[in-house]
file structure-v1.cif (mmCIF, N, CA and C atoms)
data_entry
loop_
_atom_site.label_atom_id
_atom_site.label_comp_id
_atom_site.auth_asym_id
_atom_site.auth_seq_id
_atom_site.Cartn_x
_atom_site.Cartn_y
_atom_site.Cartn_z
N MET A 275 144.12 126.20 90.38
CA MET A 275 144.64 126.29 91.73
C MET A 275 143.56 126.86 92.64
N SER A 276 143.20 126.16 93.69
CA SER A 276 142.22 126.61 94.67
C SER A 276 140.90 127.05 94.05
N GLY A 277 140.45 126.34 93.03
CA GLY A 277 139.18 126.67 92.41
C GLY A 277 139.20 127.91 91.57
N SER A 278 140.38 128.25 91.04
CA SER A 278 140.48 129.45 90.20
C SER A 278 141.34 129.16 88.99
N VAL A 279 141.26 130.04 88.00
CA VAL A 279 142.16 129.95 86.85
C VAL A 279 143.33 130.86 87.16
N SER A 280 144.53 130.31 87.04
CA SER A 280 145.74 131.05 87.34
C SER A 280 146.73 130.93 86.19
N VAL A 281 147.59 131.92 86.06
CA VAL A 281 148.69 131.87 85.11
C VAL A 281 149.93 131.54 85.92
N MET A 282 150.65 130.50 85.49
CA MET A 282 151.86 130.08 86.19
C MET A 282 153.08 130.67 85.47
N LEU A 283 153.88 131.44 86.18
CA LEU A 283 155.06 132.07 85.60
C LEU A 283 156.31 131.57 86.31
N PRO A 284 157.37 131.23 85.54
CA PRO A 284 158.61 130.77 86.19
C PRO A 284 159.25 131.90 86.99
N VAL A 285 159.70 131.55 88.20
CA VAL A 285 160.38 132.51 89.06
C VAL A 285 161.87 132.24 89.02
N ASN A 286 162.21 130.98 89.10
CA ASN A 286 163.61 130.55 89.10
C ASN A 286 163.71 129.31 88.22
N PRO A 287 163.90 129.49 86.89
CA PRO A 287 163.86 128.34 85.98
C PRO A 287 164.75 127.16 86.36
N PRO A 288 165.98 127.36 86.84
CA PRO A 288 166.76 126.16 87.17
C PRO A 288 166.14 125.31 88.28
N SER A 289 165.49 125.98 89.25
CA SER A 289 164.91 125.22 90.37
C SER A 289 163.52 124.71 90.06
N GLY A 290 162.89 125.27 89.02
CA GLY A 290 161.52 124.87 88.69
C GLY A 290 160.49 125.64 89.47
N ALA A 291 160.88 126.63 90.28
CA ALA A 291 159.93 127.41 91.07
C ALA A 291 159.06 128.26 90.14
N VAL A 292 157.79 128.36 90.50
CA VAL A 292 156.85 129.16 89.72
C VAL A 292 156.03 130.05 90.64
N HIS A 293 155.46 131.08 90.05
CA HIS A 293 154.55 131.98 90.77
C HIS A 293 153.19 131.88 90.10
N ALA A 294 152.14 131.68 90.91
CA ALA A 294 150.78 131.60 90.37
C ALA A 294 150.13 132.96 90.49
N SER A 295 149.63 133.46 89.37
CA SER A 295 148.92 134.74 89.35
C SER A 295 147.44 134.45 89.09
N LYS A 296 146.61 134.59 90.13
CA LYS A 296 145.18 134.28 90.03
C LYS A 296 144.51 135.25 89.07
N GLN A 297 143.74 134.70 88.11
CA GLN A 297 143.03 135.51 87.14
C GLN A 297 141.56 135.70 87.53
N PHE A 298 140.86 134.59 87.89
CA PHE A 298 139.47 134.67 88.32
C PHE A 298 139.06 133.35 88.97
N ASP A 299 138.03 133.42 89.85
CA ASP A 299 137.49 132.22 90.49
C ASP A 299 136.65 131.44 89.49
N VAL A 300 136.67 130.12 89.64
CA VAL A 300 135.92 129.25 88.75
C VAL A 300 134.80 128.54 89.50
N LEU A 301 135.10 127.98 90.66
CA LEU A 301 134.12 127.20 91.40
C LEU A 301 133.20 128.10 92.22
N HIS A 302 131.93 127.76 92.26
CA HIS A 302 130.99 128.47 93.11
C HIS A 302 131.23 128.08 94.55
N SER A 303 131.42 129.02 95.43
CA SER A 303 131.70 128.71 96.83
C SER A 303 130.47 128.16 97.55
N TRP A 304 129.26 128.46 97.08
CA TRP A 304 128.04 128.06 97.77
C TRP A 304 127.53 126.69 97.34
N SER A 305 128.27 125.98 96.52
CA SER A 305 127.80 124.69 96.03
C SER A 305 128.77 123.59 96.43
N ASN A 306 128.22 122.53 97.02
CA ASN A 306 129.07 121.40 97.35
C ASN A 306 129.56 120.74 96.06
N LYS A 307 130.62 119.98 96.15
CA LYS A 307 131.23 119.41 94.95
C LYS A 307 131.05 117.90 94.83
N GLU A 308 130.66 117.22 95.89
CA GLU A 308 130.61 115.75 95.87
C GLU A 308 129.33 115.19 95.27
N LEU A 309 128.20 115.58 95.83
CA LEU A 309 126.92 115.04 95.37
C LEU A 309 125.80 115.95 95.84
N ALA A 310 124.66 115.83 95.21
CA ALA A 310 123.46 116.56 95.64
C ALA A 310 122.25 115.82 95.11
N PHE A 311 121.23 115.73 95.95
CA PHE A 311 119.95 115.12 95.56
C PHE A 311 118.84 116.12 95.86
N SER A 312 117.92 116.27 94.94
CA SER A 312 116.74 117.09 95.19
C SER A 312 115.69 116.16 95.79
N VAL A 313 115.42 116.32 97.10
CA VAL A 313 114.59 115.36 97.82
C VAL A 313 113.48 116.04 98.60
N MET A 314 112.48 115.23 98.93
CA MET A 314 111.44 115.64 99.88
C MET A 314 111.03 114.38 100.64
N PRO A 315 110.54 114.53 101.86
CA PRO A 315 110.02 113.36 102.57
C PRO A 315 108.89 112.76 101.73
N ALA A 316 108.94 111.46 101.52
CA ALA A 316 107.96 110.78 100.67
C ALA A 316 106.54 111.06 101.15
N GLY A 317 105.65 111.45 100.21
CA GLY A 317 104.25 111.68 100.52
C GLY A 317 103.95 112.93 101.31
N SER A 318 104.95 113.78 101.55
CA SER A 318 104.74 114.95 102.41
C SER A 318 104.11 116.13 101.69
N GLY A 319 104.28 116.21 100.38
CA GLY A 319 103.80 117.36 99.65
C GLY A 319 104.69 118.58 99.78
N LEU A 320 105.79 118.45 100.53
CA LEU A 320 106.73 119.56 100.66
C LEU A 320 107.50 119.74 99.35
N PRO A 321 107.98 120.94 99.07
CA PRO A 321 108.78 121.14 97.85
C PRO A 321 110.12 120.41 97.98
N SER A 322 110.65 119.97 96.86
CA SER A 322 111.98 119.34 96.86
C SER A 322 113.04 120.37 97.24
N GLN A 323 114.03 119.92 98.00
CA GLN A 323 115.17 120.75 98.37
C GLN A 323 116.44 119.96 98.13
N TRP A 324 117.52 120.67 97.80
CA TRP A 324 118.80 119.99 97.56
C TRP A 324 119.41 119.54 98.88
N LEU A 325 119.90 118.33 98.88
CA LEU A 325 120.53 117.73 100.05
C LEU A 325 121.83 117.09 99.59
N PRO A 326 122.98 117.41 100.09
CA PRO A 326 123.24 118.50 101.03
C PRO A 326 123.08 119.86 100.33
N GLU A 327 123.31 120.90 101.11
CA GLU A 327 123.13 122.26 100.60
C GLU A 327 123.81 122.41 99.25
N HIS A 328 123.05 122.95 98.28
CA HIS A 328 123.58 123.06 96.92
C HIS A 328 123.37 124.44 96.33
N VAL A 329 122.32 125.14 96.72
CA VAL A 329 122.04 126.46 96.17
C VAL A 329 121.80 127.47 97.29
N ASN A 330 122.64 127.39 98.30
CA ASN A 330 122.63 128.36 99.40
C ASN A 330 121.39 128.26 100.28
N VAL A 331 120.74 127.09 100.35
CA VAL A 331 119.64 126.83 101.28
C VAL A 331 120.16 125.81 102.28
N GLY A 332 120.24 126.17 103.54
CA GLY A 332 120.82 125.29 104.54
C GLY A 332 120.00 124.02 104.74
N THR A 333 120.59 122.86 104.42
CA THR A 333 119.88 121.59 104.59
C THR A 333 120.71 120.56 105.34
N VAL A 334 121.98 120.82 105.58
CA VAL A 334 122.82 119.82 106.23
C VAL A 334 123.54 120.44 107.42
N TYR A 335 123.41 119.79 108.53
CA TYR A 335 124.14 120.16 109.73
C TYR A 335 124.83 118.89 110.19
N ALA A 336 124.45 118.28 111.31
CA ALA A 336 125.01 116.98 111.67
C ALA A 336 124.41 115.88 110.79
N VAL A 337 123.16 116.10 110.34
CA VAL A 337 122.48 115.16 109.44
C VAL A 337 121.71 115.99 108.41
N GLY A 338 121.24 115.34 107.30
CA GLY A 338 120.50 116.06 106.27
C GLY A 338 119.09 116.36 106.69
N ARG A 339 118.64 117.62 106.55
CA ARG A 339 117.30 118.04 106.99
C ARG A 339 116.62 118.83 105.89
N HIS A 340 115.32 118.63 105.76
CA HIS A 340 114.52 119.46 104.85
C HIS A 340 114.21 120.74 105.61
N PRO A 341 114.43 121.92 105.00
CA PRO A 341 114.21 123.17 105.74
C PRO A 341 112.78 123.38 106.22
N SER A 342 111.80 122.74 105.57
CA SER A 342 110.41 122.89 106.00
C SER A 342 110.01 121.87 107.07
N ASP A 343 110.89 120.92 107.37
CA ASP A 343 110.61 119.88 108.37
C ASP A 343 111.91 119.52 109.09
N PRO A 344 112.56 120.50 109.75
CA PRO A 344 113.87 120.25 110.34
C PRO A 344 113.89 119.26 111.49
N GLY A 345 112.75 118.95 112.07
CA GLY A 345 112.70 118.02 113.19
C GLY A 345 112.82 116.55 112.78
N ASN A 346 112.74 116.27 111.48
CA ASN A 346 112.82 114.89 111.00
C ASN A 346 113.96 114.75 109.99
N PRO A 347 115.15 114.40 110.48
CA PRO A 347 116.29 114.25 109.58
C PRO A 347 115.99 113.24 108.46
N LEU A 348 116.49 113.56 107.26
CA LEU A 348 116.28 112.69 106.10
C LEU A 348 117.41 111.71 105.86
N ALA A 349 118.65 112.12 106.15
CA ALA A 349 119.79 111.29 105.77
C ALA A 349 121.01 111.60 106.62
N GLU A 350 121.89 110.61 106.68
CA GLU A 350 123.24 110.81 107.21
C GLU A 350 124.15 110.73 105.99
N ILE A 351 125.02 111.71 105.83
CA ILE A 351 125.91 111.75 104.67
C ILE A 351 127.35 111.80 105.16
N ASP A 352 128.15 110.84 104.72
CA ASP A 352 129.57 110.80 105.05
C ASP A 352 130.37 110.92 103.76
N CYS A 353 131.32 111.86 103.73
CA CYS A 353 132.22 112.00 102.58
C CYS A 353 133.65 111.98 103.10
N VAL A 354 134.47 111.15 102.47
CA VAL A 354 135.88 111.06 102.83
C VAL A 354 136.69 111.44 101.60
N HIS A 355 137.56 112.44 101.75
CA HIS A 355 138.42 112.90 100.67
C HIS A 355 139.85 112.45 100.98
N THR A 356 140.50 111.85 100.00
CA THR A 356 141.88 111.41 100.16
C THR A 356 142.70 111.98 99.02
N ALA A 357 143.76 112.70 99.35
CA ALA A 357 144.65 113.26 98.33
C ALA A 357 146.01 112.59 98.45
N SER A 358 146.55 112.18 97.31
CA SER A 358 147.88 111.57 97.29
C SER A 358 148.57 111.98 95.99
N ALA A 359 149.77 111.52 95.81
CA ALA A 359 150.52 111.84 94.59
C ALA A 359 149.84 111.31 93.34
N SER A 360 149.01 110.28 93.48
CA SER A 360 148.35 109.69 92.31
C SER A 360 146.99 110.32 92.01
N GLY A 361 146.52 111.25 92.85
CA GLY A 361 145.26 111.91 92.57
C GLY A 361 144.41 112.10 93.81
N VAL A 362 143.14 112.38 93.60
CA VAL A 362 142.19 112.62 94.68
C VAL A 362 141.07 111.60 94.60
N SER A 363 140.70 111.05 95.74
CA SER A 363 139.61 110.09 95.82
C SER A 363 138.53 110.66 96.73
N VAL A 364 137.28 110.52 96.30
CA VAL A 364 136.15 110.95 97.11
C VAL A 364 135.21 109.76 97.28
N LYS A 365 134.97 109.37 98.52
CA LYS A 365 134.05 108.28 98.81
C LYS A 365 132.88 108.85 99.61
N SER A 366 131.68 108.71 99.07
CA SER A 366 130.49 109.24 99.72
C SER A 366 129.53 108.11 100.05
N LYS A 367 128.88 108.25 101.20
CA LYS A 367 127.89 107.27 101.63
C LYS A 367 126.67 108.03 102.15
N VAL A 368 125.50 107.67 101.63
CA VAL A 368 124.25 108.27 102.08
C VAL A 368 123.40 107.18 102.73
N LYS A 369 123.01 107.41 103.98
CA LYS A 369 122.11 106.49 104.68
C LYS A 369 120.79 107.22 104.85
N TRP A 370 119.75 106.76 104.15
CA TRP A 370 118.43 107.39 104.24
C TRP A 370 117.79 106.98 105.56
N LEU A 371 117.27 107.95 106.30
CA LEU A 371 116.70 107.71 107.62
C LEU A 371 115.19 107.49 107.58
N GLY A 372 114.62 107.56 106.40
CA GLY A 372 113.19 107.34 106.20
C GLY A 372 112.90 107.40 104.72
N PRO A 373 111.65 107.18 104.34
CA PRO A 373 111.31 107.21 102.92
C PRO A 373 111.41 108.64 102.36
N VAL A 374 112.03 108.76 101.20
CA VAL A 374 112.17 110.05 100.51
C VAL A 374 111.81 109.87 99.05
N THR A 375 111.48 110.98 98.40
CA THR A 375 111.31 111.00 96.96
C THR A 375 112.44 111.85 96.41
N ILE A 376 113.20 111.29 95.47
CA ILE A 376 114.32 111.99 94.84
C ILE A 376 113.88 112.37 93.42
N SER A 377 113.89 113.66 93.13
CA SER A 377 113.48 114.08 91.78
C SER A 377 114.67 114.27 90.85
N THR A 378 115.82 114.61 91.38
CA THR A 378 117.03 114.83 90.59
C THR A 378 118.24 114.53 91.46
N GLY A 379 119.33 114.11 90.83
CA GLY A 379 120.55 113.87 91.58
C GLY A 379 121.78 114.10 90.73
N TYR A 380 122.85 114.51 91.39
CA TYR A 380 124.13 114.74 90.73
C TYR A 380 125.24 114.12 91.57
N ASP A 381 126.29 113.67 90.91
CA ASP A 381 127.43 113.10 91.60
C ASP A 381 128.71 113.67 91.01
N MET A 382 129.67 113.98 91.84
CA MET A 382 130.97 114.52 91.44
C MET A 382 130.81 115.72 90.52
N MET A 383 130.20 116.76 91.05
CA MET A 383 129.94 117.97 90.28
C MET A 383 131.19 118.86 90.23
N PHE A 384 131.21 119.70 89.24
CA PHE A 384 132.26 120.70 89.11
C PHE A 384 131.59 122.02 88.76
N PRO A 385 130.91 122.65 89.74
CA PRO A 385 130.15 123.87 89.46
C PRO A 385 131.09 125.01 89.09
N VAL A 386 130.97 125.48 87.86
CA VAL A 386 131.91 126.46 87.34
C VAL A 386 131.20 127.77 87.04
N ALA A 387 131.81 128.85 87.46
CA ALA A 387 131.30 130.19 87.14
C ALA A 387 131.83 130.58 85.77
N ALA A 388 131.07 131.37 85.04
CA ALA A 388 131.51 131.84 83.73
C ALA A 388 132.74 132.73 83.88
N ALA A 389 133.65 132.62 82.94
CA ALA A 389 134.86 133.42 82.96
C ALA A 389 134.54 134.89 82.67
N PRO A 390 135.16 135.80 83.39
CA PRO A 390 134.92 137.22 83.09
C PRO A 390 135.58 137.60 81.77
N ARG A 391 135.06 138.61 81.16
CA ARG A 391 135.69 139.12 79.92
C ARG A 391 136.93 139.90 80.32
N LEU A 392 138.05 139.48 79.80
CA LEU A 392 139.32 140.14 80.14
C LEU A 392 139.70 141.17 79.10
#
call {"tool": "encode", "arguments": {"input": "structure-v1.cif", "output": "structure tokens"}}
result
Amino acid sequence: MSGSVSVMLPVNPPSGAVHASKQFDVLHSWSNKELAFSVMPAGSGLPSQWLPEHVNVGTVYAVGRHPSDPGNPLAEIDCVHTASASGVSVKSKVKWLGPVTISTGYDMMFPVAAAPRL
């Protein structure tokens, strides 16, 4: 529930009502969940940075930017999330605005923090 591990306890068994008791957070708040690419402008010699923001380094505002070259946007990223009774759908589109070098990439991540010792 809400990116955490919770214990669900019945409150009113005939109605099916339950109470969620949060035990600990699981998802890292500073990491996006849809996708991330480690990129640099092609041939620039700049260090690779995660796009969109993945490890608490600001790289995405209205468009994707390398922090060492913020005047030259790298990409436009659109993500649409749809939730329904049958599940959750995530549709992502990346439009590269110039040549880039991608060293690593991830899609549909589930960044999980280690559980505390209880």
call {"tool": "resolve_selection", "arguments": {"input": "structure-v1.cif", "expression": "the PyMOL selection byres ((chain A and resi 324) around 5)", "output": "PDB file with N, CA and C atoms, in the frame of the given file"}}
result
ATOM      1  N   PHE A 311     121.230 115.730  95.950  1.00  0.00           N
ATOM      2  CA  PHE A 311     119.950 115.120  95.560  1.00  0.00           C
ATOM      3  C   PHE A 311     118.840 116.120  95.860  1.00  0.00           C
ATOM      4  N   SER A 312     117.920 116.270  94.940  1.00  0.00           N
ATOM      5  CA  SER A 312     116.740 117.090  95.190  1.00  0.00           C
ATOM      6  C   SER A 312     115.690 116.160  95.790  1.00  0.00           C
ATOM      7  N   VAL A 313     115.420 116.320  97.100  1.00  0.00           N
ATOM      8  CA  VAL A 313     114.590 115.360  97.820  1.00  0.00           C
ATOM      9  C   VAL A 313     113.480 116.040  98.600  1.00  0.00           C
ATOM     10  N   SER A 322     110.650 119.970  96.860  1.00  0.00           N
ATOM     11  CA  SER A 322     111.980 119.340  96.860  1.00  0.00           C
ATOM     12  C   SER A 322     113.040 120.370  97.240  1.00  0.00           C
ATOM     13  N   GLN A 323     114.030 119.920  98.000  1.00  0.00           N
ATOM     14  CA  GLN A 323     115.170 120.750  98.370  1.00  0.00           C
ATOM     15  C   GLN A 323     116.440 119.960  98.130  1.00  0.00           C
ATOM     16  N   LEU A 325     119.900 118.330  98.880  1.00  0.00           N
ATOM     17  CA  LEU A 325     120.530 117.730 100.050  1.00  0.00           C
ATOM     18  C   LEU A 325     121.830 117.090  99.590  1.00  0.00           C
ATOM     19  N   PRO A 326     122.980 117.410 100.090  1.00  0.00           N
ATOM     20  CA  PRO A 326     123.240 118.500 101.030  1.00  0.00           C
ATOM     21  C   PRO A 326     123.080 119.860 100.330  1.00  0.00           C
ATOM     22  N   GLU A 327     123.310 120.900 101.110  1.00  0.00           N
ATOM     23  CA  GLU A 327     123.130 122.260 100.600  1.00  0.00           C
ATOM     24  C   GLU A 327     123.810 122.410  99.250  1.00  0.00           C
TER      25      GLU A 327
END
call {"tool": "closest_residue", "arguments": {"input": "structure-v1.cif", "among": "A:Cys353, A:Leu320, A:Leu309, A:Ala291", "to": "A:Lys365", "atoms": "only N, CA and C atoms"}}
result
A:Cys353
call {"tool": "resolve_selection", "arguments": {"input": "structure-v1.cif", "expression": "the PyMOL selection byres (((chain A and resi 366 and name CA) around 7) and name CA)", "output": "list in words"}}
result
Asp352, Cys353, Val354, Val364, Lys365, Lys367 and Val368 of chain A
call {"tool": "atom_distance", "arguments": {"input": "structure-v1.cif", "atom1": "atom C of A:Met314", "atom2": "atom N of A:Pro344"}}
result
11.1 Å
call {"tool": "resolve_selection", "arguments": {"input": "structure-v1.cif", "expression": "the PyMOL selection byres ((chain A and resi 380) around 8)", "output": "list in words"}}
result
Lys307, Glu308, Leu309, Ala310, Phe311, Ser312, Thr378, Gly379, Asp381, Met382 and Met383 of chain A
call {"tool": "closest_residue", "arguments": {"input": "structure-v1.cif", "among": "A:Gly319, A:Ala294, A:Asn286, A:Leu371", "to": "A:Asn346", "atoms": "only N, CA and C atoms"}}
result
A:Leu371
call {"tool": "atom_distance", "arguments": {"input": "structure-v1.cif", "atom1": "atom CA of A:Leu348", "atom2": "atom CA of A:Pro373"}}
result
8.1 Å
call {"tool": "atom_distance", "arguments": {"input": "structure-v1.cif", "atom1": "atom CA of A:Thr375", "atom2": "atom CA of A:Glu350"}}
result
15.7 Å
call {"tool": "closest_residue", "arguments": {"input": "structure-v1.cif", "among": "A:Arg339, A:Lys369, A:Pro284, A:Ala316", "to": "A:Ile351", "atoms": "only C-alpha atoms"}}
result
A:Lys369
